[in-house]
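Everything below belongs to target_3.txt, which stores compact mmCIF, C-alpha atoms.
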# COMPACT_ATOMS: atom_id res chain seq x y z
CA VAL A 8 100.68 119.88 110.60
CA LEU A 9 98.17 122.70 110.11
CA LEU A 10 94.85 122.37 111.97
CA TYR A 11 91.83 124.40 110.89
CA ASP A 12 90.40 124.64 114.36
CA SER A 13 87.68 126.01 116.59
CA SER A 14 88.31 126.46 120.30
CA ILE A 15 84.68 125.62 121.12
CA SER A 16 84.22 122.61 118.78
CA GLY A 17 84.33 119.21 120.44
CA ASN A 18 85.25 117.66 117.09
CA CYS A 19 88.37 119.87 116.96
CA TYR A 20 89.08 119.11 120.62
CA LYS A 21 89.33 115.39 119.75
CA VAL A 22 92.23 116.11 117.41
CA ARG A 23 93.97 118.46 119.85
CA LEU A 24 93.61 115.93 122.68
CA LEU A 25 95.10 113.08 120.63
CA LEU A 26 97.95 115.24 119.29
CA ALA A 27 98.71 116.32 122.88
CA HIS A 28 98.89 112.65 123.98
CA LEU A 29 101.20 111.92 121.05
CA GLY A 30 103.36 115.03 121.56
CA ILE A 31 102.87 116.13 117.94
CA ASP A 32 103.36 119.84 117.26
CA TYR A 33 100.87 121.63 115.04
CA GLU A 34 99.72 125.07 114.01
CA ARG A 35 96.20 126.11 115.02
CA ARG A 36 94.19 128.32 112.70
CA GLU A 37 91.01 129.42 114.49
CA LEU A 38 87.82 129.62 112.43
CA SER A 39 84.42 130.86 113.51
CA VAL A 40 81.65 128.28 113.88
CA THR A 41 78.93 130.92 113.70
CA ASP A 42 80.13 132.95 110.70
CA ARG A 43 81.11 130.38 108.07
CA SER A 44 81.12 132.78 105.12
CA ASP A 45 84.89 132.55 104.51
CA ARG A 46 85.13 128.77 104.77
CA ALA A 47 85.37 128.01 101.04
CA GLU A 48 88.14 130.58 100.67
CA VAL A 49 90.11 129.58 103.78
CA ILE A 50 89.75 125.78 103.92
CA GLY A 51 88.99 125.07 100.26
CA ARG A 52 86.57 122.42 99.00
CA ASP A 53 89.41 120.17 97.85
CA ASN A 54 90.66 120.01 101.43
CA ASN A 55 87.23 119.30 102.90
CA PRO A 56 84.10 118.89 100.75
CA ASP A 57 82.01 119.88 103.78
CA LEU A 58 84.23 122.88 104.69
CA ARG A 59 83.96 121.87 108.35
CA VAL A 60 86.47 122.01 111.17
CA PRO A 61 88.57 120.16 112.01
CA THR A 62 90.45 119.89 108.74
CA ILE A 63 94.17 119.20 108.76
CA VAL A 64 96.86 119.76 106.16
CA LEU A 65 99.97 117.62 106.51
CA ASP A 66 103.40 119.18 106.01
CA ASP A 67 103.52 117.75 102.46
CA GLY A 68 100.22 119.49 101.62
CA ARG A 69 97.90 116.50 101.78
CA PRO A 70 94.61 117.36 103.53
CA LEU A 71 92.34 115.24 105.68
CA ALA A 72 88.85 115.91 107.03
CA GLU A 73 86.45 114.38 109.58
CA SER A 74 87.60 114.33 113.20
CA ASN A 75 87.48 110.57 113.64
CA ALA A 76 89.32 109.88 110.35
CA ILE A 77 92.01 112.37 111.39
CA MET A 78 92.38 110.62 114.76
CA TRP A 79 92.62 107.23 113.07
CA PHE A 80 95.43 108.51 110.84
CA PHE A 81 97.54 109.78 113.74
CA ALA A 82 96.69 106.95 116.17
CA GLU A 83 97.73 104.13 113.81
CA GLY A 84 100.73 102.29 115.29
CA THR A 85 100.35 103.98 118.70
CA PRO A 86 98.77 102.72 121.96
CA TYR A 87 95.66 104.78 121.16
CA LEU A 88 94.49 102.33 118.46
CA PRO A 89 94.45 98.56 119.12
CA ASP A 90 96.26 96.10 116.84
CA ASP A 91 93.60 93.41 116.92
CA ALA A 92 91.30 93.42 113.88
CA TYR A 93 88.09 92.94 115.87
CA GLU A 94 89.00 95.59 118.45
CA ARG A 95 89.84 98.02 115.62
CA ALA A 96 86.39 97.42 114.14
CA GLN A 97 84.89 98.03 117.60
CA VAL A 98 86.74 101.35 117.78
CA LEU A 99 85.11 102.25 114.47
CA GLN A 100 81.72 101.03 115.69
CA TRP A 101 81.83 103.46 118.61
CA MET A 102 83.17 106.30 116.47
CA PHE A 103 80.34 105.85 113.95
CA PHE A 104 77.89 105.65 116.87
CA GLU A 105 79.37 108.94 118.09
CA GLN A 106 78.94 110.70 114.75
CA TYR A 107 75.46 109.30 114.05
CA SER A 108 73.67 108.90 117.39
CA HIS A 109 75.56 111.16 119.81
CA GLU A 110 77.13 114.25 118.21
CA PRO A 111 74.17 115.24 115.98
CA LYS A 112 72.01 115.32 119.12
CA ILE A 113 74.20 116.43 122.04
CA ALA A 114 76.57 118.74 120.14
CA VAL A 115 73.80 120.29 118.06
CA LEU A 116 71.73 120.98 121.18
CA ARG A 117 74.83 122.55 122.78
CA PHE A 118 75.33 124.77 119.73
CA TRP A 119 71.69 125.83 119.70
CA MET A 120 71.63 126.65 123.41
CA HIS A 121 74.99 128.41 123.77
CA TYR A 122 76.14 129.77 120.41
CA ASP A 123 73.34 130.00 117.85
CA SER A 124 71.87 133.48 117.35
CA SER A 125 68.58 132.14 115.95
CA PRO A 126 66.09 130.84 118.51
CA HIS A 127 64.98 127.21 118.68
CA THR A 128 61.66 126.00 120.03
CA GLU A 129 61.22 123.41 122.74
CA GLU A 130 59.47 121.31 120.08
CA GLU A 131 62.66 121.34 118.01
CA MET A 132 64.88 120.57 120.99
CA ALA A 133 62.85 117.76 122.59
CA PRO A 134 63.71 115.03 120.03
CA LEU A 135 67.43 115.87 120.28
CA ARG A 136 67.28 115.70 124.06
CA ALA A 137 65.53 112.32 123.94
CA ALA A 138 67.99 110.90 121.41
CA GLY A 139 70.95 112.33 123.35
CA ASN A 140 69.66 110.66 126.51
CA ASN A 141 69.42 107.36 124.58
CA ALA A 142 73.04 107.69 123.48
CA LEU A 143 74.23 108.44 127.02
CA ALA A 144 72.20 105.50 128.36
CA ALA A 145 73.83 103.18 125.81
CA MET A 146 77.25 104.42 126.91
CA ASP A 147 76.38 103.92 130.58
CA ARG A 148 75.23 100.33 129.97
CA HIS A 149 78.37 99.54 127.99
CA LEU A 150 80.61 100.96 130.73
CA SER A 151 78.88 99.02 133.52
CA GLU A 152 81.47 96.25 133.25
CA ARG A 153 84.27 98.03 131.40
CA GLU A 154 86.87 100.70 132.13
CA PHE A 155 87.05 101.95 128.55
CA PHE A 156 84.97 101.51 125.40
CA VAL A 157 87.11 98.93 123.58
CA GLY A 158 89.28 96.23 125.13
CA ASP A 159 90.79 97.25 128.44
CA ARG A 160 92.61 100.35 127.26
CA TYR A 161 92.02 104.03 126.54
CA SER A 162 91.72 104.54 122.77
CA ILE A 163 90.49 107.04 120.21
CA ALA A 164 87.00 105.58 120.74
CA ASP A 165 87.11 107.09 124.23
CA ILE A 166 88.44 110.40 122.93
CA ALA A 167 85.68 110.56 120.30
CA LEU A 168 82.98 110.02 122.91
CA TYR A 169 84.59 112.21 125.58
CA ALA A 170 84.55 115.32 123.36
CA TYR A 171 80.84 116.07 123.65
CA THR A 172 80.08 114.02 126.78
CA HIS A 173 82.40 115.75 129.25
CA ASN A 174 80.41 119.00 129.09
CA ALA A 175 76.96 117.56 128.30
CA ASP A 176 75.85 118.60 131.80
CA GLU A 177 76.11 122.22 130.66
CA THR A 178 73.18 121.61 128.31
CA GLY A 179 71.07 119.78 130.89
CA PHE A 180 72.09 116.17 130.27
CA GLU A 181 72.70 113.96 133.28
CA PRO A 182 75.16 111.18 132.39
CA GLY A 183 74.91 108.02 134.49
CA ALA A 184 77.36 107.00 137.22
CA ASN A 185 79.38 104.72 134.91
CA VAL A 186 79.84 107.52 132.41
CA VAL A 187 80.82 109.97 135.16
CA ALA A 188 83.48 107.54 136.46
CA TRP A 189 84.75 106.99 132.90
CA LEU A 190 85.01 110.76 132.31
CA GLU A 191 87.30 110.91 135.35
CA ARG A 192 89.42 108.02 134.00
CA VAL A 193 89.80 109.86 130.68
CA ARG A 194 90.79 113.09 132.45
CA SER A 195 93.48 111.21 134.39
CA GLN A 196 95.26 109.93 131.26
CA PRO A 197 98.85 111.21 130.88
CA GLY A 198 99.03 114.23 128.62
CA HIS A 199 95.34 115.13 128.98
CA VAL A 200 94.42 118.65 127.91
CA ARG A 201 91.14 120.47 128.44
CA LEU A 202 88.82 121.85 125.75
CA SER A 203 89.83 125.35 126.81
CA ASP A 204 93.59 124.68 126.83
CA VAL B 22 78.20 84.99 109.89
CA LEU B 23 74.70 86.03 110.94
CA LEU B 24 73.40 89.34 109.52
CA TYR B 25 70.47 91.13 111.14
CA ASP B 26 69.22 92.61 107.93
CA SER B 27 66.59 94.67 106.19
CA SER B 28 65.94 94.22 102.50
CA ILE B 29 65.12 97.94 102.10
CA SER B 30 67.97 99.40 104.21
CA GLY B 31 70.88 100.87 102.27
CA ASN B 32 73.08 100.40 105.33
CA CYS B 33 72.37 96.66 105.24
CA TYR B 34 72.85 96.63 101.47
CA LYS B 35 76.44 97.89 101.97
CA VAL B 36 77.27 94.77 103.97
CA ARG B 37 75.54 92.41 101.52
CA LEU B 38 77.31 94.04 98.56
CA LEU B 39 80.76 93.71 100.13
CA LEU B 40 80.14 90.12 101.28
CA ALA B 41 79.01 89.29 97.72
CA HIS B 42 82.25 90.74 96.32
CA LEU B 43 84.24 88.73 98.85
CA GLY B 44 82.24 85.52 98.33
CA ILE B 45 81.52 85.20 102.05
CA ASP B 46 78.44 83.15 102.98
CA TYR B 47 76.11 84.46 105.63
CA GLU B 48 72.66 83.96 107.09
CA ARG B 49 70.15 86.80 106.65
CA ARG B 50 67.66 87.50 109.40
CA GLU B 51 65.14 90.05 108.13
CA LEU B 52 63.91 92.68 110.60
CA SER B 53 61.27 95.35 110.09
CA VAL B 54 62.44 98.95 109.86
CA THR B 55 58.97 100.29 110.60
CA ASP B 56 58.02 98.12 113.59
CA ARG B 57 61.07 98.08 115.84
CA SER B 58 59.28 96.82 118.95
CA ASP B 59 61.09 93.46 119.04
CA ARG B 60 64.58 94.84 118.44
CA ALA B 61 65.87 94.63 122.02
CA GLU B 62 64.72 91.03 122.25
CA VAL B 63 66.01 89.91 118.83
CA ILE B 64 69.29 91.84 118.43
CA GLY B 65 70.11 92.52 122.09
CA ARG B 66 71.67 95.71 123.40
CA ASP B 67 75.01 94.00 123.99
CA ASN B 68 75.20 93.22 120.28
CA ASN B 69 74.26 96.75 119.22
CA PRO B 70 73.62 99.56 121.72
CA ASP B 71 71.48 101.30 119.08
CA LEU B 72 69.56 98.11 118.15
CA ARG B 73 69.89 99.07 114.49
CA VAL B 74 70.40 96.98 111.38
CA PRO B 75 72.84 95.93 110.12
CA THR B 76 74.27 94.08 113.08
CA ILE B 77 76.40 91.01 112.51
CA VAL B 78 77.32 88.11 114.77
CA LEU B 79 80.48 86.23 113.84
CA ASP B 80 80.53 82.44 114.02
CA ASP B 81 82.33 82.61 117.38
CA GLY B 82 79.53 84.79 118.80
CA ARG B 83 81.26 88.19 118.68
CA PRO B 84 78.92 90.94 117.47
CA LEU B 85 79.64 94.05 115.46
CA ALA B 86 77.44 97.05 114.63
CA GLU B 87 77.52 100.07 112.31
CA SER B 88 77.54 99.35 108.57
CA ASN B 89 80.85 101.06 107.85
CA ALA B 90 82.64 99.42 110.79
CA ILE B 91 81.34 96.03 109.62
CA MET B 92 82.63 96.72 106.10
CA TRP B 93 86.03 97.77 107.46
CA PHE B 94 86.30 94.50 109.40
CA PHE B 95 85.64 92.31 106.35
CA ALA B 96 87.54 94.47 103.84
CA GLU B 97 90.82 94.52 105.79
CA GLY B 98 93.50 92.70 103.78
CA THR B 99 91.38 92.63 100.61
CA PRO B 100 91.45 94.84 97.48
CA TYR B 101 88.42 96.73 98.86
CA LEU B 102 90.52 98.60 101.46
CA PRO B 103 93.80 100.28 100.50
CA ASP B 104 97.08 99.47 102.32
CA ASP B 105 98.42 103.03 102.34
CA ALA B 106 97.87 104.85 105.66
CA TYR B 107 96.73 108.11 104.07
CA GLU B 108 94.37 106.38 101.64
CA ARG B 109 92.89 104.37 104.52
CA ALA B 110 92.21 107.61 106.38
CA GLN B 111 90.59 109.01 103.22
CA VAL B 112 88.32 105.96 103.07
CA LEU B 113 87.28 106.77 106.64
CA GLN B 114 86.86 110.46 105.77
CA TRP B 115 84.32 109.58 103.07
CA MET B 116 82.58 106.99 105.26
CA PHE B 117 82.17 109.53 108.08
CA PHE B 118 80.97 112.07 105.49
CA GLU B 119 78.44 109.47 104.38
CA GLN B 120 77.10 108.83 107.88
CA TYR B 121 77.03 112.51 108.91
CA SER B 122 76.24 114.57 105.80
CA HIS B 123 74.63 112.11 103.37
CA GLU B 124 72.70 109.27 105.00
CA PRO B 125 70.89 111.36 107.67
CA LYS B 126 69.53 113.54 104.85
CA ILE B 127 69.03 111.33 101.79
CA ALA B 128 68.17 108.06 103.54
CA VAL B 129 65.92 109.74 106.09
CA LEU B 130 64.03 111.58 103.33
CA ARG B 131 63.67 108.28 101.48
CA PHE B 132 62.27 106.63 104.61
CA TRP B 133 59.83 109.47 105.20
CA MET B 134 58.57 109.49 101.60
CA HIS B 135 58.31 105.76 100.96
CA TYR B 136 58.00 103.86 104.24
CA ASP B 137 56.97 106.07 107.15
CA SER B 138 53.30 105.91 108.13
CA SER B 139 53.35 109.33 109.83
CA PRO B 140 53.18 112.36 107.53
CA HIS B 141 56.00 114.88 107.21
CA THR B 142 55.55 118.50 106.21
CA GLU B 143 57.36 120.22 103.38
CA GLU B 144 58.90 122.45 106.06
CA GLU B 145 60.45 119.36 107.69
CA MET B 146 61.64 117.93 104.38
CA ALA B 147 63.17 121.07 102.83
CA PRO B 148 66.32 121.22 105.02
CA LEU B 149 67.03 117.53 104.36
CA ARG B 150 66.61 118.05 100.63
CA ALA B 151 68.98 121.04 100.68
CA ALA B 152 71.61 119.20 102.75
CA GLY B 153 71.25 116.11 100.57
CA ASN B 154 71.83 118.24 97.48
CA ASN B 155 74.97 119.66 99.12
CA ALA B 156 76.29 116.16 99.77
CA LEU B 157 75.61 115.07 96.18
CA ALA B 158 77.29 118.25 94.88
CA ALA B 159 80.39 117.54 96.99
CA MET B 160 80.52 114.02 95.56
CA ASP B 161 80.12 115.33 92.02
CA ARG B 162 82.98 117.82 92.45
CA HIS B 163 85.23 115.15 93.93
CA LEU B 164 84.50 112.75 91.05
CA SER B 165 85.18 115.36 88.37
CA GLU B 166 88.78 114.14 88.07
CA ARG B 167 88.55 110.73 89.67
CA GLU B 168 87.10 107.32 88.82
CA PHE B 169 86.51 106.33 92.45
CA PHE B 170 86.46 108.13 95.80
CA VAL B 171 89.91 107.12 97.09
CA GLY B 172 93.03 106.42 95.05
CA ASP B 173 92.29 104.92 91.66
CA ARG B 174 90.39 101.88 92.86
CA TYR B 175 86.92 100.79 93.95
CA SER B 176 86.82 100.54 97.76
CA ILE B 177 84.40 100.38 100.67
CA ALA B 178 84.23 104.20 100.48
CA ASP B 179 82.45 103.76 97.13
CA ILE B 180 80.17 101.05 98.53
CA ALA B 181 79.24 103.26 101.51
CA LEU B 182 78.29 106.16 99.24
CA TYR B 183 76.63 104.00 96.58
CA ALA B 184 74.09 102.55 99.01
CA TYR B 185 71.86 105.63 99.29
CA THR B 186 72.99 107.43 96.12
CA HIS B 187 72.05 104.81 93.54
CA ASN B 188 68.34 105.23 94.22
CA ALA B 189 68.33 108.89 95.33
CA ASP B 190 66.50 109.77 92.10
CA GLU B 191 63.47 107.91 93.49
CA THR B 192 63.12 110.61 96.13
CA GLY B 193 63.58 113.50 93.72
CA PHE B 194 67.34 114.04 93.92
CA GLU B 195 69.21 114.67 90.67
CA PRO B 196 72.84 113.54 91.00
CA GLY B 197 75.32 115.27 88.68
CA ALA B 198 76.88 113.71 85.58
CA ASN B 199 80.07 112.65 87.40
CA VAL B 200 78.03 110.85 90.04
CA VAL B 201 75.87 109.17 87.40
CA ALA B 202 78.97 107.89 85.58
CA TRP B 203 80.46 106.67 88.87
CA LEU B 204 77.23 104.81 89.74
CA GLU B 205 77.63 102.92 86.46
CA ARG B 206 81.27 102.12 87.28
CA VAL B 207 80.20 100.72 90.65
CA ARG B 208 77.46 98.62 89.05
CA SER B 209 80.00 97.12 86.60
CA GLN B 210 82.29 95.79 89.36
CA PRO B 211 82.65 91.98 89.37
CA GLY B 212 80.28 90.36 91.86
CA HIS B 213 77.93 93.34 92.06
CA VAL B 214 74.50 92.61 93.52
CA ARG B 215 71.46 94.87 93.59
CA LEU B 216 69.61 96.15 96.65
CA SER B 217 66.71 93.86 95.75
CA ASP B 218 68.83 90.74 95.18

Show me this structure written as structure tokens.
Amino acid sequence: VLLYDSSISGNCYKVRLLLAHLGIDYERRELSVTDRSDRAEVIGRDNNPDLRVPTIVLDDGRPLAESNAIMWFFAEGTPYLPDDAYERAQVLQWMFFEQYSHEPKIAVLRFWMHYDSSPHTEEEMAPLRAAGNNALAAMDRHLSEREFFVGDRYSIADIALYAYTHNADETGFEPGANVVAWLERVRSQPGHVRLSD
Amino acid sequence: VLLYDSSISGNCYKVRLLLAHLGIDYERRELSVTDRSDRAEVIGRDNNPDLRVPTIVLDDGRPLAESNAIMWFFAEGTPYLPDDAYERAQVLQWMFFEQYSHEPKIAVLRFWMHYDSSPHTEEEMAPLRAAGNNALAAMDRHLSEREFFVGDRYSIADIALYAYTHNADETGFEPGANVVAWLERVRSQPGHVRLSD
């Protein structure tokens, strides 16, 4: 497996974390997330119409894009994706929540504050901060009576949400106590690797 | 099945279109997309942490949120979701593309232009128009040698992308010829219903 990767992208980290749990070897090819000028040439639009990382290419040459779709592909038939039809749909519910209501707020704010060379006004950042807080509050409520997001087991729904929640404090977010306890449960899973590993 | 619905929401339309194909009866409960003040009371945060439509409640009381997760649940085991593991991941790839790179641009611009009571500046709208054009261009390239988005068959990936593409011309977008031909193929599927049906 070839992974078009970024060492600072939480979306890429999801894939690396799952592959570490599964013990699957892969080749990392690091791409810049600030200078994207070579993306069309390196990744290719047939491999990923959006030219984003992560993109993977299987050993037989077939590509796959979108972090949560890539995780689904590798998690199928493993303990990281439930068998039950309703629980599988719940995993998808939380992964779509992550990509719609969480990542575009919390990850974008992180990028603006730590990596983007162009300045952003407080007026631009305030709506992202408010929406990010809403997403974290929804997670905290959901975890008030649960150990993990779906069923009673760690799954790719947890990995998807962990990626940009575990370091949200570095951009000024303050996750609730249930989220903080869940972050620790995720970190204690066998085979866990860190973003910087 | 109970569907918390909106007659103008493309996300809700996805669910209605799939359920029409499958011949599944359901009860529609119409909610406003402009006045959301009663959402917590009507939908309930346990049913959908984001309080968005569509949300469904199965006959046994179990809820499910996120349009594409709901479609996955009902499409499993039907011709609208492939059996092959790689094709299933491709369906997810295009559904995550839709929710990240398409809907937040094209649907949001549609909402601003046709339904939102607060004005939006051209400066606010321009980035959404550019990103929406990028998404439509990616779709057009992908369809240049294909009839449908995944494999050689109509699937929930097509339904997901049809929802906010079929009327994108009403907000000034100009989909390419391959997209226009694909829209017609989607409309000609047995059991097709319109957004306004």

Within 7 Å of chain B, which residues of chain A are there when counting only C-alpha atoms? Please give them as number ranges by chain.
A: 56, 71-73, 76-77, 79-80, 92-93, 96-97, 99-100, 103, 106-107, 145

| request: Using all atoms listed in the file, find all polymer residues with an atom at most 12 Å away from the point (87.7, 120.0, 121.6); report them as number ranges by chain. | output: A: 12-27, 60-61, 74, 114, 166-174, 199-204

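Here atom CA of A:Leu88 is placed at a distance of 24.7 Å from atom CA of B:Phe170.
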
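Atom CA of B:Trp133 to atom CA of B:Ser53 spans 15.0 Å [interatomic distance, one decimal].
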
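Residue nearest A:Glu105 within the list A:Met120, A:Ile63, A:Val193, A:Ala164: A:Ala164 [criterion: smallest interatomic distance, only C-alpha atoms].
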
Got a sec to check which residues sit within 9 Å of (84.6, 95.9, 94.3), counting all atoms listed in the file, and write them as a PDB file with C-alpha atoms, keeping the file's coordinate frame?
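Everything below was put into out-v7.pdb:
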ATOM      1  CA  LEU B  38      77.310  94.040  98.560  1.00  0.00           C
ATOM      2  CA  LEU B  39      80.760  93.710 100.130  1.00  0.00           C
ATOM      3  CA  HIS B  42      82.250  90.740  96.320  1.00  0.00           C
ATOM      4  CA  LEU B  43      84.240  88.730  98.850  1.00  0.00           C
ATOM      5  CA  PRO B 100      91.450  94.840  97.480  1.00  0.00           C
ATOM      6  CA  TYR B 101      88.420  96.730  98.860  1.00  0.00           C
ATOM      7  CA  ARG B 174      90.390 101.880  92.860  1.00  0.00           C
ATOM      8  CA  TYR B 175      86.920 100.790  93.950  1.00  0.00           C
ATOM      9  CA  SER B 176      86.820 100.540  97.760  1.00  0.00           C
ATOM     10  CA  ILE B 177      84.400 100.380 100.670  1.00  0.00           C
ATOM     11  CA  ASP B 179      82.450 103.760  97.130  1.00  0.00           C
ATOM     12  CA  ILE B 180      80.170 101.050  98.530  1.00  0.00           C
ATOM     13  CA  VAL B 207      80.200 100.720  90.650  1.00  0.00           C
ATOM     14  CA  GLN B 210      82.290  95.790  89.360  1.00  0.00           C
ATOM     15  CA  PRO B 211      82.650  91.980  89.370  1.00  0.00           C
ATOM     16  CA  GLY B 212      80.280  90.360  91.860  1.00  0.00           C
ATOM     17  CA  HIS B 213      77.930  93.340  92.060  1.00  0.00           C
TER      18      HIS B 213
END

Residue with the minimum atom-to-atom distance to A:Ile113, picked from A:Leu150, A:Ala133, A:Ala188, A:Val49 with all atoms listed in the file counted, is A:Ala133

Students should find that atom CA of A:Asp123 and atom CA of A:Thr178 are spaced 13.4 Å

Report as a VMD selection string all protein, DNA and RNA residues lying within 12 Å of B:Glu62, evaluated on only C-alpha atoms, omitting residues in the same chain fewer than 6 positions from it. chain B and resid 52 68 to 69 72

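When the distance limit is 12 Å and all atoms listed in the file are what count, the residues near B:Asp80, minus those fewer than 4 positions from it on the same chain, are B:Val22, B:Leu23, B:Leu24, B:Asp46, B:Tyr47, B:Glu48, B:Pro84, B:Leu85.
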
Have stretch 181-200 of chain A completed to N, CA and C atoms, please, and pass it along as a PDB file, keeping the file's coordinate frame.
ATOM      1  N   GLU A 181      72.229 114.517 132.013  1.00  0.00           N
ATOM      2  CA  GLU A 181      72.700 113.960 133.280  1.00  0.00           C
ATOM      3  C   GLU A 181      73.280 112.574 133.044  1.00  0.00           C
ATOM      4  N   PRO A 182      74.554 112.488 132.646  1.00  0.00           N
ATOM      5  CA  PRO A 182      75.160 111.180 132.390  1.00  0.00           C
ATOM      6  C   PRO A 182      75.102 110.287 133.618  1.00  0.00           C
ATOM      7  N   GLY A 183      74.989 108.979 133.395  1.00  0.00           N
ATOM      8  CA  GLY A 183      74.910 108.020 134.490  1.00  0.00           C
ATOM      9  C   GLY A 183      76.238 107.863 135.216  1.00  0.00           C
ATOM     10  N   ALA A 184      76.192 107.123 136.334  1.00  0.00           N
ATOM     11  CA  ALA A 184      77.360 107.000 137.220  1.00  0.00           C
ATOM     12  C   ALA A 184      78.547 106.341 136.501  1.00  0.00           C
ATOM     13  N   ASN A 185      78.274 105.368 135.618  1.00  0.00           N
ATOM     14  CA  ASN A 185      79.380 104.720 134.910  1.00  0.00           C
ATOM     15  C   ASN A 185      80.064 105.670 133.955  1.00  0.00           C
ATOM     16  N   VAL A 186      79.273 106.520 133.322  1.00  0.00           N
ATOM     17  CA  VAL A 186      79.840 107.520 132.410  1.00  0.00           C
ATOM     18  C   VAL A 186      80.642 108.541 133.204  1.00  0.00           C
ATOM     19  N   VAL A 187      80.112 108.975 134.339  1.00  0.00           N
ATOM     20  CA  VAL A 187      80.820 109.970 135.160  1.00  0.00           C
ATOM     21  C   VAL A 187      82.175 109.415 135.616  1.00  0.00           C
ATOM     22  N   ALA A 188      82.208 108.153 136.028  1.00  0.00           N
ATOM     23  CA  ALA A 188      83.480 107.540 136.460  1.00  0.00           C
ATOM     24  C   ALA A 188      84.448 107.420 135.292  1.00  0.00           C
ATOM     25  N   TRP A 189      83.915 107.091 134.111  1.00  0.00           N
ATOM     26  CA  TRP A 189      84.750 106.990 132.900  1.00  0.00           C
ATOM     27  C   TRP A 189      85.311 108.354 132.507  1.00  0.00           C
ATOM     28  N   LEU A 190      84.507 109.399 132.607  1.00  0.00           N
ATOM     29  CA  LEU A 190      85.010 110.760 132.310  1.00  0.00           C
ATOM     30  C   LEU A 190      86.235 111.053 133.172  1.00  0.00           C
ATOM     31  N   GLU A 191      86.179 110.659 134.437  1.00  0.00           N
ATOM     32  CA  GLU A 191      87.300 110.910 135.350  1.00  0.00           C
ATOM     33  C   GLU A 191      88.526 110.090 134.932  1.00  0.00           C
ATOM     34  N   ARG A 192      88.287 108.837 134.481  1.00  0.00           N
ATOM     35  CA  ARG A 192      89.420 108.020 134.000  1.00  0.00           C
ATOM     36  C   ARG A 192      90.062 108.656 132.781  1.00  0.00           C
ATOM     37  N   VAL A 193      89.240 109.203 131.869  1.00  0.00           N
ATOM     38  CA  VAL A 193      89.800 109.860 130.680  1.00  0.00           C
ATOM     39  C   VAL A 193      90.630 111.072 131.088  1.00  0.00           C
ATOM     40  N   ARG A 194      90.083 111.879 131.999  1.00  0.00           N
ATOM     41  CA  ARG A 194      90.790 113.090 132.450  1.00  0.00           C
ATOM     42  C   ARG A 194      92.129 112.762 133.110  1.00  0.00           C
ATOM     43  N   SER A 195      92.254 111.558 133.665  1.00  0.00           N
ATOM     44  CA  SER A 195      93.480 111.210 134.390  1.00  0.00           C
ATOM     45  C   SER A 195      94.545 110.589 133.485  1.00  0.00           C
ATOM     46  N   GLN A 196      94.266 110.492 132.188  1.00  0.00           N
ATOM     47  CA  GLN A 196      95.260 109.930 131.260  1.00  0.00           C
ATOM     48  C   GLN A 196      96.451 110.890 131.123  1.00  0.00           C
ATOM     49  N   PRO A 197      97.677 110.345 131.036  1.00  0.00           N
ATOM     50  CA  PRO A 197      98.850 111.210 130.880  1.00  0.00           C
ATOM     51  C   PRO A 197      98.748 112.069 129.625  1.00  0.00           C
ATOM     52  N   GLY A 198      99.055 113.341 129.775  1.00  0.00           N
ATOM     53  CA  GLY A 198      99.030 114.230 128.620  1.00  0.00           C
ATOM     54  C   GLY A 198      97.662 114.822 128.321  1.00  0.00           C
ATOM     55  N   HIS A 199      96.692 114.589 129.204  1.00  0.00           N
ATOM     56  CA  HIS A 199      95.340 115.130 128.980  1.00  0.00           C
ATOM     57  C   HIS A 199      95.360 116.660 128.912  1.00  0.00           C
ATOM     58  N   VAL A 200      94.622 117.203 127.959  1.00  0.00           N
ATOM     59  CA  VAL A 200      94.420 118.650 127.910  1.00  0.00           C
ATOM     60  C   VAL A 200      92.919 118.916 127.930  1.00  0.00           C
TER      61      VAL A 200
END
